[in-house]
Each structure stands twice: as structure tokens, then as C-alpha cells.
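Undergrad: The structure is given below, and queries will be raised subsequently.
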Amino acid sequence: MQIPLQQYGALLANYLKPQWGAVVGLTIALLTSIALQIINPQILSYFIDTIFTGGEAQSLPWAALAFSAIALLTQVFSLSATYWGETVAWTATNALRSDLVAHCLQLDLSFHKAHTPGELLERVDGDVNALSRFFSQLVIHVFGNGILLIGILVVLWFENPFAGMSLTLFAGVALSVLLGLRSGAIAPWAEYRQISAEFYGTLGEQIAGREDICANGAVPYVMYRFYALLQHWLPVYHQARFASTVLWFSSVGLFTLGNAIALTLSAYLWQQNAITIGTAYLIFHYTNLLSQPIERIREELEQLQQVEASIYRIRELLSIQPRLKQSVGVPLPSTACAVTFENVYFRYQGQNPDEWTLHNVSFSLPPGQVLGILGRTGSGKSTIARLLLRFYDIQSGEIRLGEGAIAKTCLSQLRQRVGLVTQDVQLFQASVRDNLTFFDPHISDTVILEAMETLLLSPWLKSLPNGLNTQLGAESSGLSAGQAQLLALVRVFLKNPSLVILDEASSRLDPQTEALLERAIDRLLSNRTGIIIAHRLQTLKRADRILILEQGKVVEYGDRQTLLSQSQSQFAQLLNAQTIEHP
Ligand code: ADP
């Protein structure tokens, strides 16, 4: 096995340094409990010998007391070792988890599109969990048990060199046999975990899509896939369990053999008067004790292989650099700002190099005006919104907010100044208040209620069962798409942005919610620049300018009234046809 010590060292140093006190406590507790385990049998041996040889009887109670005290102390130190171990492991893994989460959050959308949430969860939690033993115990255990093993063998050599030599040989053979067998169990378990991940992935997908599956009569197919996976799973599980059982069987067999060797040796040496009965007991006891470090070392080395894979994956994730370059650059206006696209070319990562998602897009929207963007699905409307928030950087051209190019502005400031309401509003399983403030306790209820009032949403808030305290369930249950957009409007309003981008809910809204939404949008857009990806005629009435996109190219851009008055304009023709988006 190749052990990348440098990587381990770097990780350990990073996350254990801040809690060196606890690490020292853990080391002392572990090493002391090991030392006590070697010392205690000596007292028992003295006890047995004193009884058999009829020695000083008055010392026996003291020996018994010392034995009990040391046994108790061993437990106390083991307990402290567990306590320190858990503390060190949790502190280190939590620090690593938050580092990974912070890292993932600052990566751009192209990274998140390429990695599923399940995969990231597995990295941030699964892999980090696998490291928990590594941080707390692995190194100390391999060292500690190595010392225990050597300690036992040295004591055995001192008790009787012949016994020492035989049991050293035995320990060597046992350790190499067990380590050799261990590799046989790794592959079946890896395959088992792979199928298990596949199974839960499929299950999750099926539960998420249950409505479509039932509605389209796909249940038999889904069940067929389910059974096929189960059928594949069972034999792999059998194989993995069998490999583990062989390993367990071999270790039990080996240690029974060790006991038999120790018993035969002790009996022979005692018969030859080479050792006392106490020493015979010691040889037997120490041989028994040998199984512990040998098993532990085997286990820890097995763990090390999983740890190695996890460390590799974590380092790989940490080494991904965000594509967007941060800059402190140009400050953004605090009031409504102009939006300019100048010869913008953009394509997503991995897209065909001859194709552009946005092809030479240019327009300029004066401050405080509203732009309505129209186009078929896939024409690039949402991409314009994503670029304005700098989720991606463009390949050529320039996008400006006010006077400043957004490529030169500070990302966090940009996202503070631009508010986005998407079709798919992300709501959390929390109260309406927390959903509005993004869990920011500094935003008071008065501010929220004022915002609601300004957006004319106070009556709607009162209609919720518990007002701001209303709890939203999983998948924002209890709220329609339109209501979720209402919440998102308040959210954006609380940010007080200079530019508001609105990707309208394309699903049909009930007339009441639609009316609420319309009024709230009017209020939100007053004194702000607005960009609306429109799906409804109603919304276009408030647009000052209209942009029509087709396959990433601007086919029409101009003042709404002017376009309306030109009967040959695409906009006028679209309105006549009464359709805005052709799916
Ligand atoms: P619209 O909002 O007009 O429906 P989009 O702006 O979402 O269209 O998408 C424009 C084009 O870019 C589509 O062809 C879409 O398939 C492609 N696209 C969107 N997002 C990505 C992405 N993350 N990676 C690759 N291609 C994408």
C-alpha cells in the first residue's frame, strides 16, 4: 500500500494545530492506558506465585488492591481517550466541513451545474466522516498498538526468551496473514457500496418524480428497475459478507492457535521447572492480549485505504479554483442604473466552439426604465439574467451597470445591487420571516412589514395562518408558484437593489394572486431599472423597451410604443398573434 505521508501530515497539521491541547490529552490518555494494560498482569502473576510458593500472605491484599486500582485507572484513561478522541475528531471534521462548504459556495455556477447536490453532499459529509477516525485515532492507534505489541513481546522475552521468540514469530505470521487476507474483502465491499449508492440514487429520483411516474403509467417499468437492482445487490452482498466472514474466521482461528501455542509452551516450561506458575499465567495472558493490537493494526490499515480515497477526493475539490476573478474595482451606483450590453458573445463551458448562446448581443437600457425580453425557450433570455449577476463571465464584449464594467466590480457588491426573482423560487423549510430575510436577524419585523405595506402585500400576509411566523413545509408546501414569487419580490425589495431582474412564473396564476403580483411588481420597479423575462401580455405593458431574442441573437430592440406603431415589427406581429413564447 502506498501511503502519501506528506498529504496526511499537511491535513493533520492544518486541523489539529488549533486544538493541540486536546491532542496532547488524547495521546497521554491512550499511551497511559496501554502501559497500564501491560503492567497489570504482572501484579496478577505476583499474586499467583505468592499463593503457590506460600510467600508473604500480608502483601496479597495490597496486590489485590493495586490490581483493582490499576484496572479502574485503565478504564478511566480509556474513557478519557474516547472523550478527547471524539472532541478532536468532531472539531477537526467540522472545521474541514465548513472549509469545504465555504469553498463550494464561492465556486461559480458552471461548477455547480457539473456536480449534482448528491455528489457534493457525499464529498462534504461522506468523505469528511470517513476522516473522523483518521483525525482522532488512526495515527495514535497504529503507533499505540505498535508500542503495545512490542511492549508485550519485550516483556515476554524477559519472562522467558524461548516463549518470547515463539510468540514473536507467531505475531509476525498472524499480522502478515491477516493483512494479506484483508485485501480480498476490499473489492467486494467497494462494489457493494457502489450498488448501494446507485440504488439510493434511483430511489431518490423515483420518489422525486412520483407524480409523473404514476400519471404516465411508468410504475411497472420503475418496479422492474427496482427489482433488477435488488437482484444485482444481493449476490454482491453475499460475496462481501463471505469475504468478511473468511477474514473473521481466520483471525479467530489464528488467535486460538496462538492460545494453544502459549498453553503448550507454558505447560512444557512449567513441567521443566523453567518458569513459575505465575509466569505461565503471564505468557498465556500476554498472548491473549496480543490479539488486540494485531486486530487493531489490521483494522486501522484497512481504514487507511478508505481515508486515502477520501483525502484524494477532498483535495481534488479544494484545488478547484473559481473561474470568476474577484476584484474590488469600480463602485456601483446606489440608485437606478443604466444597463449596457456591448457586442456580448457568450457560450457555456463544454458547448460546441462554433456555437454561441449569446451572439453579438448589444442593447442599452437607460436608468429607471424597464426592458421586456421575449424569445422562444432556449433563445438565451435567462442567460442574460445570469450574466448580469456574473454567474458566468463572457468571452468577449462588455456588460456595464452604470458606468462600470461588471467584470471589474466586486462580486458581493454586484449581487447586492442586482435583485433576481426566478421562476423557481427557492424557499426554505422555515418561517416566512426567515425566508424573507435569509435568516438575517438584523432585519426587524417593522422593516419587513413596511416592505409588505409598500408592495401592497399586507392583506396577503394577514391571510397566512400565522403571519410572519407561518412555517413553510418541505418543497415550499402550502404556497403556489405565484405566492412563492410574492415572497421573492419582498426578499428582493428588502435588498433595495438598483436593478431588478424578473423571470416571471410561466405557470398559470389565479386571478387574485396575479393581481397581487402585478401591483407588487409595479411598486418594486418604481425608481429602479427593471428587466423582465416576460411570459404574459400583462407584464409587457409596463416595459419601456422590448428586446426579442432568437437563438442568442437580437432580432429586435427598441422603444415599446415605437415598435407597437410599426405593424411590420416582430413585436406588433407577436402581439397580434397573442402569443409571447412559443415552446
Ligand atoms: P431561455 O431562458 O431563453 O429559455 P436559456 O438562457 O436558459 O434560454 O438557455 C439558452 C441556451 O443555453 C439553451 O440552448 C440552453 O440549452 C443552453 N444552456 C443553458 N444553461 C446551460 C448550461 N449551464 N450549460 C450549457 N448550456 C446551457
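Letters for chains follow the order of the C-alpha cells (A, B, ...), residue numbers begin at 1 for each chain, and ligand numbers begin at 1 in the order shown.
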Could you please extract the residues within 7 Å of ligand 1, counting only C-alpha atoms and all ligand atoms, and hand them back as a PDB file with C-alpha atoms, in the first residue's frame?

TA:
ATOM      1  CA  SER A 110     -20.546  26.132 -14.066  1.00  0.00           C
ATOM      2  CA  LYS A 113     -24.038  22.582 -12.927  1.00  0.00           C
ATOM      3  CA  TYR A 348     -21.358  27.842 -21.675  1.00  0.00           C
ATOM      4  CA  GLN A 349     -18.447  25.643 -20.761  1.00  0.00           C
ATOM      5  CA  GLY A 350     -18.406  22.444 -22.808  1.00  0.00           C
ATOM      6  CA  GLN A 351     -20.530  23.913 -25.569  1.00  0.00           C
ATOM      7  CA  THR A 357     -25.515  31.066 -26.612  1.00  0.00           C
ATOM      8  CA  GLY A 375     -37.985  34.848 -27.245  1.00  0.00           C
ATOM      9  CA  ARG A 376     -38.544  31.157 -27.658  1.00  0.00           C
ATOM     10  CA  THR A 377     -37.437  28.694 -24.998  1.00  0.00           C
ATOM     11  CA  GLY A 378     -33.682  28.316 -25.260  1.00  0.00           C
ATOM     12  CA  SER A 379     -33.131  31.626 -27.037  1.00  0.00           C
ATOM     13  CA  GLY A 380     -30.898  32.928 -24.218  1.00  0.00           C
ATOM     14  CA  LYS A 381     -33.230  35.052 -22.081  1.00  0.00           C
ATOM     15  CA  SER A 382     -32.250  33.553 -18.717  1.00  0.00           C
ATOM     16  CA  THR A 383     -28.617  33.607 -19.778  1.00  0.00           C
ATOM     17  CA  ILE A 384     -28.782  37.422 -19.939  1.00  0.00           C
TER      18      ILE A 384
END

Undergrad: Excluding segment 297-309 of chain A and residues on its chain fewer than 5 positions from it, collect all residues at most 9 Å away from it, counting only C-alpha atoms, and give them as a list in words.

TA: Met1, Ile3, Pro4, Tyr8, Asp127, Ala130, Leu131, Arg133, Phe134, Gln137, Leu138, Val139, His141, Val142, Phe143, Asn145, Gly146, Leu175, Leu178, Leu179, Arg182, Ser183, Ile186, Gln292 and Ile314 of chain A

Undergrad: As number ranges by chain, please: the residues near Leu169 of chain A (cut-off 12 Å, only C-alpha atoms, same-chain neighbours under 4 positions excluded).

TA: A: 153, 157, 162-165, 173-176, 258, 261, 287

Undergrad: Save the residues we just selected, N, CA, C and O atoms, as a PDB file, in the first residue's frame?

TA:
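Once written, out-v3.pdb looks like this:
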ATOM      1  N   LEU A 153       5.764  -8.195  23.585  1.00  0.00           N
ATOM      2  CA  LEU A 153       6.798  -9.151  23.157  1.00  0.00           C
ATOM      3  C   LEU A 153       8.093  -8.989  23.984  1.00  0.00           C
ATOM      4  O   LEU A 153       8.701  -9.988  24.381  1.00  0.00           O
ATOM      5  N   TRP A 157       9.916 -11.770  26.226  1.00  0.00           N
ATOM      6  CA  TRP A 157      11.327 -12.147  26.097  1.00  0.00           C
ATOM      7  C   TRP A 157      11.995 -12.146  27.467  1.00  0.00           C
ATOM      8  O   TRP A 157      12.794 -13.014  27.786  1.00  0.00           O
ATOM      9  N   PHE A 162      12.606 -18.207  25.255  1.00  0.00           N
ATOM     10  CA  PHE A 162      12.040 -19.181  24.333  1.00  0.00           C
ATOM     11  C   PHE A 162      10.589 -18.810  23.991  1.00  0.00           C
ATOM     12  O   PHE A 162      10.183 -18.770  22.824  1.00  0.00           O
ATOM     13  N   ALA A 163       9.825 -18.464  25.087  1.00  0.00           N
ATOM     14  CA  ALA A 163       8.422 -18.041  24.879  1.00  0.00           C
ATOM     15  C   ALA A 163       8.402 -16.771  24.046  1.00  0.00           C
ATOM     16  O   ALA A 163       7.576 -16.621  23.131  1.00  0.00           O
ATOM     17  N   GLY A 164       9.335 -15.838  24.349  1.00  0.00           N
ATOM     18  CA  GLY A 164       9.400 -14.561  23.625  1.00  0.00           C
ATOM     19  C   GLY A 164       9.607 -14.789  22.142  1.00  0.00           C
ATOM     20  O   GLY A 164       8.889 -14.251  21.297  1.00  0.00           O
ATOM     21  N   MET A 165      10.552 -15.695  21.821  1.00  0.00           N
ATOM     22  CA  MET A 165      10.876 -15.933  20.424  1.00  0.00           C
ATOM     23  C   MET A 165       9.679 -16.575  19.700  1.00  0.00           C
ATOM     24  O   MET A 165       9.285 -16.136  18.617  1.00  0.00           O
ATOM     25  N   VAL A 173       3.650 -13.822  11.886  1.00  0.00           N
ATOM     26  CA  VAL A 173       2.876 -14.608  10.919  1.00  0.00           C
ATOM     27  C   VAL A 173       1.414 -14.147  10.929  1.00  0.00           C
ATOM     28  O   VAL A 173       0.804 -13.905   9.873  1.00  0.00           O
ATOM     29  N   ALA A 174       0.838 -13.984  12.159  1.00  0.00           N
ATOM     30  CA  ALA A 174      -0.582 -13.607  12.265  1.00  0.00           C
ATOM     31  C   ALA A 174      -0.834 -12.284  11.551  1.00  0.00           C
ATOM     32  O   ALA A 174      -1.788 -12.157  10.774  1.00  0.00           O
ATOM     33  N   LEU A 175       0.046 -11.291  11.807  1.00  0.00           N
ATOM     34  CA  LEU A 175      -0.164  -9.960  11.221  1.00  0.00           C
ATOM     35  C   LEU A 175      -0.094 -10.024   9.697  1.00  0.00           C
ATOM     36  O   LEU A 175      -0.943  -9.463   9.001  1.00  0.00           O
ATOM     37  N   SER A 176       0.911 -10.786   9.170  1.00  0.00           N
ATOM     38  CA  SER A 176       1.006 -10.799   7.706  1.00  0.00           C
ATOM     39  C   SER A 176      -0.135 -11.594   7.081  1.00  0.00           C
ATOM     40  O   SER A 176      -0.637 -11.195   6.021  1.00  0.00           O
ATOM     41  N   GLY A 258      -2.782 -19.320  18.564  1.00  0.00           N
ATOM     42  CA  GLY A 258      -1.840 -18.617  19.439  1.00  0.00           C
ATOM     43  C   GLY A 258      -2.014 -19.059  20.878  1.00  0.00           C
ATOM     44  O   GLY A 258      -1.033 -19.341  21.589  1.00  0.00           O
ATOM     45  N   ILE A 261      -0.613 -22.475  21.326  1.00  0.00           N
ATOM     46  CA  ILE A 261       0.864 -22.435  21.404  1.00  0.00           C
ATOM     47  C   ILE A 261       1.289 -21.984  22.800  1.00  0.00           C
ATOM     48  O   ILE A 261       2.156 -22.581  23.443  1.00  0.00           O
ATOM     49  N   THR A 287      -0.333 -13.484  25.531  1.00  0.00           N
ATOM     50  CA  THR A 287      -0.668 -13.975  24.185  1.00  0.00           C
ATOM     51  C   THR A 287      -2.084 -13.555  23.821  1.00  0.00           C
ATOM     52  O   THR A 287      -2.377 -13.145  22.700  1.00  0.00           O
TER      53      THR A 287
END

Undergrad: Show me, as a list in words, the residues that have an atom within 12 Å of Ser68 of chain A when counting only C-alpha atoms, minus same-chain residues fewer than 5 positions from it.

TA: Leu36, Asn40, Pro41, Ile43, Leu44, Pro61, Trp62, Ala63, Leu73, Thr74 and Gln75 of chain A

Undergrad: Quick one: which segment 261-297 of chain A residues come within 8 Å of segment 47-60 of chain A, and what is the nearest atom pair for each with the distance in Å to one decimal, counting only C-alpha atoms, rows ordered by chain and ascending number, as JSON lines?

TA:
{"residue": "A:Thr276", "atom": "CA", "partner": "A:Asp49", "partner_atom": "CA", "distance": 6.9}
{"residue": "A:Ile277", "atom": "CA", "partner": "A:Asp49", "partner_atom": "CA", "distance": 6.3}
{"residue": "A:Gly278", "atom": "CA", "partner": "A:Asp49", "partner_atom": "CA", "distance": 4.9}

Undergrad: If you run DSSP on this backbone, which residues of segment 248-496 of chain A come out as strand (DSSP E), and could you give them as a ChimeraX atom specification?

TA: /A:339-346,358-365,370-375,396-401,404-405,418-421

Undergrad: To one decimal in Å, tell me the separation between atom CA of Arg241 of chain A and atom CA of Ser132 of chain A.

TA: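 Distance between the two atoms: 24.6 Å.
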
Undergrad: Name the residues in contact with segment 332-341 of chain A at a cut-off of 7 Å, using only C-alpha atoms, excluding same-chain residues fewer than 6 positions from it; report them as a list in words.

TA: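 Result of the neighbour search: Val361, Ser362, Phe363, Ser364, Leu365, Pro366, Pro367, Gly368, Glu398, Ile399, Arg400, Leu401, Gly402, Gly404, Ser498, Leu499, Asn527, Arg528 and Thr529 of chain A.
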
Undergrad: As a PyMOL selection string, please: the residues near Leu414 of chain A (cut-off 9 Å, only C-alpha atoms, same-chain neighbours under 2 positions excluded).

TA: chain A and resi 331-332+388-390+406+409-412+416-418

Undergrad: Print the selection's residues with N, CA, C and O atoms to a file, as a PDB file, in the first residue's frame.

TA:
ATOM      1  N   PRO A 331     -17.012  51.055  -8.059  1.00  0.00           N
ATOM      2  CA  PRO A 331     -18.213  51.012  -7.220  1.00  0.00           C
ATOM      3  C   PRO A 331     -19.476  51.110  -8.085  1.00  0.00           C
ATOM      4  O   PRO A 331     -19.460  51.704  -9.158  1.00  0.00           O
ATOM      5  N   LEU A 332     -20.580  50.505  -7.610  1.00  0.00           N
ATOM      6  CA  LEU A 332     -21.813  50.526  -8.388  1.00  0.00           C
ATOM      7  C   LEU A 332     -22.728  51.642  -7.891  1.00  0.00           C
ATOM      8  O   LEU A 332     -22.698  51.984  -6.705  1.00  0.00           O
ATOM      9  N   LEU A 388     -25.812  39.094 -15.899  1.00  0.00           N
ATOM     10  CA  LEU A 388     -25.880  40.358 -15.159  1.00  0.00           C
ATOM     11  C   LEU A 388     -25.538  40.152 -13.680  1.00  0.00           C
ATOM     12  O   LEU A 388     -25.084  41.065 -13.004  1.00  0.00           O
ATOM     13  N   LEU A 389     -25.743  38.932 -13.177  1.00  0.00           N
ATOM     14  CA  LEU A 389     -25.349  38.639 -11.798  1.00  0.00           C
ATOM     15  C   LEU A 389     -23.931  38.084 -11.745  1.00  0.00           C
ATOM     16  O   LEU A 389     -23.440  37.677 -10.719  1.00  0.00           O
ATOM     17  N   ARG A 390     -23.319  38.007 -12.884  1.00  0.00           N
ATOM     18  CA  ARG A 390     -21.962  37.448 -13.041  1.00  0.00           C
ATOM     19  C   ARG A 390     -21.847  36.036 -12.482  1.00  0.00           C
ATOM     20  O   ARG A 390     -20.919  35.709 -11.758  1.00  0.00           O
ATOM     21  N   ILE A 406     -19.088  45.207 -15.365  1.00  0.00           N
ATOM     22  CA  ILE A 406     -19.322  44.332 -14.204  1.00  0.00           C
ATOM     23  C   ILE A 406     -18.158  43.379 -13.956  1.00  0.00           C
ATOM     24  O   ILE A 406     -17.987  42.889 -12.855  1.00  0.00           O
ATOM     25  N   THR A 409     -16.218  44.824 -11.123  1.00  0.00           N
ATOM     26  CA  THR A 409     -16.840  45.174  -9.831  1.00  0.00           C
ATOM     27  C   THR A 409     -16.648  44.037  -8.846  1.00  0.00           C
ATOM     28  O   THR A 409     -16.366  42.901  -9.221  1.00  0.00           O
ATOM     29  N   CYS A 410     -16.839  44.372  -7.582  1.00  0.00           N
ATOM     30  CA  CYS A 410     -16.720  43.370  -6.526  1.00  0.00           C
ATOM     31  C   CYS A 410     -17.987  42.501  -6.584  1.00  0.00           C
ATOM     32  O   CYS A 410     -19.104  43.021  -6.616  1.00  0.00           O
ATOM     33  N   LEU A 411     -17.775  41.144  -6.587  1.00  0.00           N
ATOM     34  CA  LEU A 411     -18.910  40.224  -6.779  1.00  0.00           C
ATOM     35  C   LEU A 411     -20.015  40.401  -5.747  1.00  0.00           C
ATOM     36  O   LEU A 411     -21.203  40.467  -6.072  1.00  0.00           O
ATOM     37  N   SER A 412     -19.613  40.517  -4.472  1.00  0.00           N
ATOM     38  CA  SER A 412     -20.646  40.589  -3.431  1.00  0.00           C
ATOM     39  C   SER A 412     -21.426  41.898  -3.553  1.00  0.00           C
ATOM     40  O   SER A 412     -22.636  41.937  -3.338  1.00  0.00           O
ATOM     41  N   GLN A 416     -25.449  42.419  -4.417  1.00  0.00           N
ATOM     42  CA  GLN A 416     -26.271  43.217  -3.511  1.00  0.00           C
ATOM     43  C   GLN A 416     -27.088  44.241  -4.308  1.00  0.00           C
ATOM     44  O   GLN A 416     -28.211  44.571  -3.953  1.00  0.00           O
ATOM     45  N   ARG A 417     -26.497  44.722  -5.412  1.00  0.00           N
ATOM     46  CA  ARG A 417     -27.141  45.787  -6.194  1.00  0.00           C
ATOM     47  C   ARG A 417     -28.107  45.251  -7.242  1.00  0.00           C
ATOM     48  O   ARG A 417     -28.879  45.991  -7.820  1.00  0.00           O
ATOM     49  N   VAL A 418     -27.991  43.959  -7.551  1.00  0.00           N
ATOM     50  CA  VAL A 418     -28.880  43.365  -8.554  1.00  0.00           C
ATOM     51  C   VAL A 418     -29.776  42.337  -7.869  1.00  0.00           C
ATOM     52  O   VAL A 418     -29.294  41.438  -7.201  1.00  0.00           O
TER      53      VAL A 418
END

Undergrad: I'd like the interatomic distance between atom CA of Ala260 of chain A and atom CA of Phe170 of chain A, to a tenth of an Å.

TA: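 Spanning atom CA of Ala260 of chain A to atom CA of Phe170 of chain A is a straight-line distance of 11.4 Å.
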
Undergrad: Compare A:Leu148, A:Ala520, A:Leu105, A:Ala92 by their minimum atom-to-atom distance to Ile320 of chain A, counting only C-alpha atoms, and give me the closest one.

TA: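 Of A:Leu148, A:Ala520, A:Leu105, A:Ala92, the one nearest Ile320 of chain A is A:Leu105, counting only C-alpha atoms.
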
Undergrad: Tell me, in Å to one decimal, how far atom CA of Ala114 of chain A is from atom CA of Ala484 of chain A.

TA: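 Computed distance, atom CA of Ala114 of chain A to atom CA of Ala484 of chain A, equals 27.1 Å.
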